[in-house]
Each structure stands twice: as structure tokens, then as C-alpha cells.
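Source file: start_16.tsv; contents: TSV, C-alpha atoms.
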```
chain	number	residue	atom	x	y	z
Y	1	MET	CA	49.89	-18.21	16.39
Y	2	ALA	CA	47.20	-17.61	13.81
Y	3	LYS	CA	48.42	-16.87	10.30
Y	4	LYS	CA	46.77	-14.60	7.78
Y	5	PHE	CA	45.21	-16.72	5.04
Y	6	LEU	CA	43.80	-15.17	1.88
Y	7	TYR	CA	41.67	-17.21	-0.52
Y	8	ILE	CA	41.55	-15.64	-3.98
Y	9	ASN	CA	38.46	-16.53	-6.02
Y	10	ARG	CA	38.58	-15.70	-9.74
Y	11	LYS	CA	36.09	-18.11	-11.31
Y	12	ALA	CA	32.31	-17.93	-11.70
Y	13	PRO	CA	30.35	-20.65	-9.86
Y	14	TYR	CA	28.95	-23.79	-11.60
Y	15	GLY	CA	31.05	-23.57	-14.81
Y	16	THR	CA	33.96	-25.19	-12.99
Y	17	ILE	CA	34.39	-26.83	-9.58
Y	18	TYR	CA	36.77	-24.09	-8.30
Y	19	ALA	CA	34.21	-21.99	-6.38
Y	20	LEU	CA	32.74	-24.95	-4.49
Y	21	GLU	CA	36.19	-26.39	-3.73
Y	22	SER	CA	37.30	-22.99	-2.43
Y	23	LEU	CA	34.36	-22.84	-0.01
Y	24	GLU	CA	35.23	-26.28	1.34
Y	25	VAL	CA	38.87	-25.36	1.89
Y	26	VAL	CA	37.86	-22.04	3.48
Y	27	LEU	CA	35.69	-23.85	6.02
Y	28	ILE	CA	38.53	-26.27	6.81
Y	29	GLY	CA	40.86	-23.31	7.36
Y	30	ALA	CA	38.34	-21.72	9.70
Y	31	ALA	CA	38.29	-24.90	11.80
Y	32	PHE	CA	41.98	-24.31	12.50
Y	33	GLU	CA	41.23	-20.82	13.82
Y	34	GLN	CA	43.33	-18.93	11.29
Y	35	ASP	CA	42.84	-15.28	10.29
Y	36	VAL	CA	40.85	-15.89	7.09
Y	37	SER	CA	40.03	-13.40	4.33
Y	38	LEU	CA	38.35	-14.05	0.98
Y	39	ALA	CA	39.02	-12.06	-2.18
Y	40	PHE	CA	36.66	-11.99	-5.17
Y	41	ILE	CA	38.34	-10.87	-8.40
Y	42	ASP	CA	37.39	-11.16	-12.11
Y	43	ASP	CA	34.51	-13.63	-12.69
Y	44	GLY	CA	34.86	-14.65	-9.02
Y	45	VAL	CA	32.49	-11.78	-8.14
Y	46	TYR	CA	29.69	-13.89	-9.67
Y	47	GLN	CA	30.02	-16.32	-6.75
Y	48	LEU	CA	28.25	-13.74	-4.57
Y	49	THR	CA	25.36	-12.68	-6.82
Y	50	ALA	CA	21.90	-12.65	-5.28
Y	51	GLY	CA	19.07	-14.77	-6.64
Y	52	GLN	CA	21.03	-17.71	-8.00
Y	53	ASP	CA	18.62	-20.44	-9.19
Y	54	THR	CA	20.30	-23.66	-10.27
Y	55	ALA	CA	17.17	-25.80	-10.58
Y	56	GLY	CA	17.16	-25.64	-14.36
Y	57	ALA	CA	20.88	-26.34	-14.57
Y	58	GLY	CA	20.47	-29.37	-12.34
Y	59	MET	CA	23.26	-28.36	-9.99
Y	60	LYS	CA	23.46	-27.86	-6.25
Y	61	ASN	CA	22.98	-24.19	-5.33
Y	62	PHE	CA	25.73	-23.46	-2.81
Y	63	SER	CA	25.30	-19.67	-2.78
Y	64	ARG	CA	23.58	-19.74	0.63
Y	65	THR	CA	26.79	-21.11	2.15
Y	66	TYR	CA	28.39	-17.67	1.83
Y	67	LYS	CA	25.74	-16.30	4.19
Y	68	ALA	CA	26.76	-18.90	6.79
Y	69	LEU	CA	30.44	-17.93	6.78
Y	70	GLY	CA	29.86	-15.38	9.54
Y	71	ASP	CA	28.96	-18.24	11.91
Y	72	PHE	CA	32.48	-19.57	11.36
Y	73	GLU	CA	34.03	-16.19	12.13
Y	74	ILE	CA	34.79	-15.57	8.46
Y	75	ASN	CA	33.67	-11.99	7.99
Y	76	LYS	CA	36.22	-10.43	5.65
Y	77	LEU	CA	34.97	-10.81	2.09
Y	78	TYR	CA	36.78	-8.38	-0.20
Y	79	VAL	CA	35.11	-7.72	-3.56
Y	80	GLU	CA	37.06	-5.85	-6.21
Y	81	ARG	CA	35.25	-2.77	-7.52
Y	82	GLU	CA	36.84	-2.88	-10.99
Y	83	SER	CA	35.83	-6.53	-11.46
Y	84	LEU	CA	32.19	-5.67	-10.65
Y	85	GLU	CA	32.19	-2.62	-12.93
Y	86	GLU	CA	33.73	-4.49	-15.88
Y	87	ARG	CA	30.84	-6.95	-15.68
Y	88	GLY	CA	28.09	-4.33	-15.32
Y	89	LEU	CA	27.49	-5.28	-11.68
Y	90	THR	CA	27.18	-3.25	-8.49
Y	91	LEU	CA	27.06	-4.19	-4.81
Y	92	ASP	CA	23.25	-4.24	-5.14
Y	93	ASP	CA	23.56	-7.31	-7.37
Y	94	LEU	CA	25.26	-9.26	-4.59
Y	95	GLN	CA	23.81	-11.09	-1.61
Y	96	GLN	CA	23.77	-9.24	1.68
Y	97	ILE	CA	26.18	-11.11	3.89
Y	98	THR	CA	26.50	-10.15	7.54
Y	99	TRP	CA	28.09	-11.35	10.75
Y	100	GLU	CA	27.20	-10.82	14.40
Y	101	ASP	CA	29.75	-8.94	16.49
Y	102	GLU	CA	29.59	-10.53	19.95
Y	103	ASN	CA	31.64	-7.66	21.36
Y	104	GLU	CA	28.90	-5.20	20.39
Y	105	ASP	CA	25.79	-7.02	21.64
Y	106	TYR	CA	25.67	-9.18	18.50
Y	107	ALA	CA	25.23	-6.20	16.20
Y	108	GLU	CA	24.86	-7.28	12.57
Y	109	LYS	CA	27.71	-5.97	10.43
Y	110	PRO	CA	28.36	-6.34	6.70
Y	111	SER	CA	30.96	-8.95	5.73
Y	112	ILE	CA	31.42	-7.70	2.17
Y	113	HIS	CA	33.96	-4.93	1.68
Y	114	LEU	CA	34.28	-3.19	-1.68
Y	115	VAL	CA	37.93	-2.47	-2.49
Y	116	GLY	CA	39.79	-1.01	-5.47
Y	117	ARG	CA	42.46	-2.94	-7.36
Y	118	ALA	CA	45.35	-1.13	-5.65
Y	119	GLU	CA	43.84	-1.86	-2.24
Y	120	MET	CA	43.45	-5.51	-3.26
Y	121	ALA	CA	47.15	-5.60	-4.19
Y	122	SER	CA	48.03	-4.29	-0.71
Y	123	LEU	CA	45.76	-6.90	0.86
Y	124	ILE	CA	47.62	-9.67	-1.00
Y	125	ALA	CA	50.96	-8.21	0.07
Y	126	SER	CA	49.92	-8.34	3.75
Y	127	GLN	CA	49.18	-12.09	3.89
Y	128	ASP	CA	51.17	-15.02	5.22
Y	129	VAL	CA	49.57	-17.57	2.90
Y	130	VAL	CA	47.61	-17.05	-0.33
Y	131	LEU	CA	45.55	-19.85	-1.88
Y	132	SER	CA	44.11	-19.45	-5.38
Y	133	PHE	CA	40.91	-20.84	-6.83
U	1	MET	CA	58.46	-8.91	2.20
U	2	SER	CA	57.66	-8.98	-1.49
U	3	THR	CA	55.53	-11.50	-3.34
U	4	LEU	CA	56.28	-14.06	-6.05
U	5	HIS	CA	53.43	-14.38	-8.53
U	6	THR	CA	53.26	-17.42	-10.83
U	7	VAL	CA	51.15	-17.45	-14.00
U	8	ASN	CA	50.48	-20.72	-15.83
U	9	LYS	CA	47.93	-19.66	-18.45
U	10	SER	CA	48.49	-18.17	-21.90
U	11	PRO	CA	47.43	-14.50	-22.03
U	12	PHE	CA	45.59	-15.37	-25.25
U	13	GLU	CA	43.35	-17.87	-23.49
U	14	ARG	CA	42.85	-16.39	-20.03
U	15	ASN	CA	43.19	-13.04	-18.27
U	16	ALA	CA	45.42	-14.47	-15.51
U	17	LEU	CA	48.55	-12.58	-16.63
U	18	CYS	CA	46.67	-9.29	-17.04
U	19	THR	CA	45.00	-9.63	-13.64
U	20	CYS	CA	48.30	-10.62	-12.04
U	21	PHE	CA	50.00	-7.49	-13.42
U	22	GLY	CA	47.13	-5.45	-11.99
U	23	HIS	CA	47.85	-6.75	-8.49
U	24	ILE	CA	51.62	-6.50	-8.12
U	25	THR	CA	53.25	-4.15	-5.66
U	26	ALA	CA	56.75	-2.65	-5.73
U	27	GLY	CA	59.50	-5.26	-5.56
U	28	ASP	CA	57.30	-8.18	-6.58
U	29	ALA	CA	58.37	-10.83	-9.09
U	30	VAL	CA	56.26	-12.54	-11.75
U	31	LEU	CA	57.27	-15.99	-12.99
U	32	MET	CA	55.72	-17.37	-16.18
U	33	ILE	CA	55.39	-21.16	-16.16
U	34	GLU	CA	53.65	-23.79	-18.32
U	35	ASP	CA	51.45	-22.04	-20.94
U	36	GLY	CA	52.19	-18.77	-19.14
U	37	VAL	CA	55.47	-18.56	-21.08
U	38	ILE	CA	53.48	-17.77	-24.24
U	39	GLY	CA	53.28	-14.27	-22.78
U	40	ALA	CA	57.09	-14.02	-22.89
U	41	ARG	CA	57.28	-14.05	-26.70
U	42	LYS	CA	58.52	-10.96	-28.50
U	43	GLY	CA	56.10	-9.51	-31.04
U	44	ALA	CA	52.98	-10.89	-29.36
U	45	THR	CA	50.13	-8.40	-28.99
U	46	THR	CA	50.43	-8.90	-25.23
U	47	ALA	CA	54.09	-7.79	-25.15
U	48	ALA	CA	53.30	-4.15	-24.33
U	49	MET	CA	51.53	-5.27	-21.16
U	50	VAL	CA	54.62	-7.30	-20.19
U	51	GLN	CA	56.96	-4.39	-20.92
U	52	ALA	CA	54.85	-2.14	-18.70
U	53	ALA	CA	55.11	-4.71	-15.91
U	54	LEU	CA	58.90	-4.83	-16.33
U	55	GLN	CA	58.92	-1.17	-15.30
U	56	LYS	CA	57.23	-2.09	-12.00
U	57	GLY	CA	59.03	-5.31	-11.07
U	58	LYS	CA	60.95	-8.33	-12.26
U	59	VAL	CA	59.55	-10.84	-14.74
U	60	TYR	CA	60.93	-14.36	-15.11
U	61	ALA	CA	60.11	-17.29	-17.39
U	62	LEU	CA	60.84	-20.97	-16.83
U	63	SER	CA	63.35	-21.97	-19.53
U	64	SER	CA	62.19	-25.59	-19.85
U	65	ASP	CA	58.61	-24.48	-20.55
U	66	LEU	CA	59.87	-22.02	-23.18
U	67	ALA	CA	62.00	-24.74	-24.80
U	68	ALA	CA	59.08	-27.20	-24.77
U	69	ARG	CA	57.08	-24.71	-26.83
U	70	GLY	CA	59.89	-23.87	-29.24
U	71	ILE	CA	60.39	-20.36	-27.89
U	72	LYS	CA	64.12	-19.62	-28.12
U	73	PRO	CA	65.87	-17.35	-25.58
U	74	ALA	CA	66.40	-14.78	-28.37
U	75	ASP	CA	62.61	-14.70	-28.92
U	76	VAL	CA	61.95	-13.65	-25.34
U	77	ILE	CA	61.00	-10.04	-24.54
U	78	ASP	CA	64.08	-8.07	-23.42
U	79	GLY	CA	64.20	-7.76	-19.66
U	80	ILE	CA	62.55	-11.11	-18.89
U	81	GLN	CA	65.02	-13.31	-17.03
U	82	LEU	CA	65.11	-17.04	-17.68
U	83	VAL	CA	65.28	-19.47	-14.76
U	84	ASP	CA	65.54	-23.26	-14.45
U	85	TYR	CA	63.77	-25.32	-11.77
U	86	GLY	CA	66.49	-24.48	-9.25
U	87	GLY	CA	65.93	-20.80	-9.98
U	88	PHE	CA	62.21	-21.32	-9.46
U	89	VAL	CA	62.94	-22.70	-5.97
U	90	ASP	CA	65.28	-19.78	-5.25
U	91	LEU	CA	62.51	-17.31	-6.19
U	92	VAL	CA	60.07	-19.04	-3.84
U	93	THR	CA	62.55	-18.83	-0.95
U	94	GLN	CA	63.42	-15.18	-1.67
U	95	HIS	CA	59.82	-13.96	-1.36
U	96	GLY	CA	57.45	-13.75	1.57
U	97	ARG	CA	54.59	-15.54	-0.16
U	98	THR	CA	53.71	-17.09	-3.49
U	99	VAL	CA	50.47	-16.30	-5.33
U	100	SER	CA	49.34	-18.59	-8.16
U	101	TRP	CA	47.27	-16.94	-10.86
U	102	LEU	CA	45.36	-19.86	-12.39
```
As C-alpha cells, the full file:
Amino acid sequence: MAKKFLYINRKAPYGTIYALESLEVVLIGAAFEQDVSLAFIDDGVYQLTAGQDTAGAGMKNFSRTYKALGDFEINKLYVERESLEERGLTLDDLQQITWEDENEDYAEKPSIHLVGRAEMASLIASQDVVLSF
Amino acid sequence: MSTLHTVNKSPFERNALCTCFGHITAGDAVLMIEDGVIGARKGATTAAMVQAALQKGKVYALSSDLAARGIKPADVIDGIQLVDYGGFVDLVTQHGRTVSWL
């Protein structure tokens, strides 16, 4: 039986290896057909910003990978509203990430869900396994 | 079933403890380990945040990590319970899931 896995992301990309490592583990989890959700809290919300350009920093830009998650049936990306607001960000600063619902003639649906801190706490409390990055 | 939250960063260096406290639900437990035990010290500017959390749930600190940093049991914020490694294992088994705040 599939278990509910939540991956909590609390670090900005590129400064540390956490964000990239998280993505790799998330994709491994998806291969095992688990019920996967991703949470973006604190500086983790910066993983999803639009327009990342790493050419000058000399690092691999892995931000496009988030857009591909829908193809692996990972379509529950929970972004914490308070974390965005504290950093002066809104949903408009993030990439548009969608998935195709094969049960509704492949209708494109948003993968990112904006949730408040209390709702995020409930989400954590509803999981079987929580992995932190 | 409730959640065990572990915090291993000092509240003076990282926001892990603060964010953890913001995401606990009724009946949850928070265990301070490694540099996380710095948040257990009485008189620290972060103590009020810990006392507020004690109203919502239980807070524990790993005694060996306190001892390693010279924090005596008498220096620990009232209400925080000290556990050894066996107690750490007990907490893990008593909760439905464990969340590490890194």
C-alpha cells in the first residue's frame, strides 16, 4: 500500500546542496509509486522562483526540474504563505508548475498550492513519513 | 497520532526551532538535540518562545548534549524534560512520525 511521503524543503537553492538532493530523493520516491507531497517553508520557497539564471554563478540550473515533476505524478507542491510574505514574495514570483489530469482529458491543473502555517502543520500531521531537507 | 519534532540547530544561528514551534499541533513533542539544546537554557532571549511552546505541547532535551555544552539541569527552562538516548528511542516509538528540523 502506498504511504504518504512529505518532503520538507527549507533551504534556498545553490547556497547548499539540500535543494538538489531533495529533488533527487523525491524522484526516487516517485519511482516507488508512493503518495508524494512537497512542502516549501522558510527560504525553501526560493527553490520555486521564476527566472533563475545561474550562468554567472557557474552552477547547474535545476529549477526546470520542478516543472517536470507532474510527469512523475508529483503534483502536490505546498508553498507556505507566511514564508513568501516574510521574504517580500508572492505567488507571481514563482514558476507556474502544472500537471495533466488524465481523468479530465489531460486538463492542465496547477501543482502549487498556497497554504497558511496552520494548514501546513495539519499537512505534516497527516503524513506517514516526513523527510527534511 | 502525534508527531515528534527534533531540532538540532541553535536558535541563535538558525530559525529551525522557531519554525518548528510554528508547525506543531496539539499533543506533539519537541526534542532538542545537538546544538538545539542551546535553546533549552534559562535566561536566553529565546526562552519566551520555548515557554510559549510548553503551553502547546511537551518539550524535551537530550541530557548528554546539554552536559557536553556545560548546561546543567538546573539551568534548563522549567518544564523541559531531560531524556537520555533510551528516552529518545522511546519518544520515537511513542509518536506516529518524526520530523527533523535541520
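When CA of Ala47 (chain U) is paired with CA of Ala118 (chain Y), their separation reads 22.4 Å.
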Can you list, as a PyMOL selection string, every protein, DNA or RNA residue that comes within 10 Å of region 14-17 of chain Y when you count all atoms listed in the file, leaving out same-chain residues fewer than 6 positions away? chain Y and resi 47+54+57+59-62+133
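You can rank U:Ala68, U:Met49, U:Ala16, U:Leu62 by their closest distance to chain Y using only C-alpha atoms, and at the top of that list sits U:Ala16.
Counting only C-alpha atoms, the residue from U:Asp28, U:Asp90, U:Asp65, U:Glu13 that sits nearest to chain Y is U:Asp28.
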For chain Y, work out the contacting residues on chain U at 8 Å, counting only C-alpha atoms, and write them as a PyMOL selection string. chain U and resi 1-3+19+22-25+96-102
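Relative to CA of Val50 (chain U), CA of Arg87 (chain Y) is found at 24.2 Å.
When CA of Tyr60 (chain U) is paired with CA of Thr6 (chain U), their separation reads 9.3 Å.
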Please write as a count of residues only the list of polymer residues whose atoms come within 12 Å of (60.9, -19.8, -29.7), counting all atoms listed in the file and keeping to the coordinates of the file. 23
Quick one: of U:Ala29, U:Cys18, U:Leu82, U:Val7, who's nearest to Gln94 (chain U), counting all atoms listed in the file? U:Ala29
My list of candidates is U:Tyr85, U:Gly79, U:His95, U:Asn15. Which is closest to Gly27 (chain U) when distances are computed with all atoms listed in the file? U:His95
U:Val92, U:Ala53, U:Cys20, U:Leu4 ranked by distance to Ile80 (chain U), top pick (using only C-alpha atoms): U:Ala53
For Gly116 (chain Y), please output as an NGL selection string all residues within 8 Å (counting all atoms listed in the file; exclusion window: fewer than 6 positions along the same chain). :Y and (80-82)
Can you spit out the residues from that selection as a compact mmCIF listing (two decimals), in the coordinates of the input, using C-alpha atoms?
```
# COMPACT_ATOMS: atom_id res chain seq x y z
CA GLU Y 80 37.06 -5.85 -6.21
CA ARG Y 81 35.25 -2.77 -7.52
CA GLU Y 82 36.84 -2.88 -10.99
```
Taking (20.7, -11.3, -4.8) in the coordinates of the supplied file, I want to know which residues reach to within 6 Å of it, counting all atoms listed in the file; could you give the answer as a PyMOL selection string? chain Y and resi 49-51+93-95
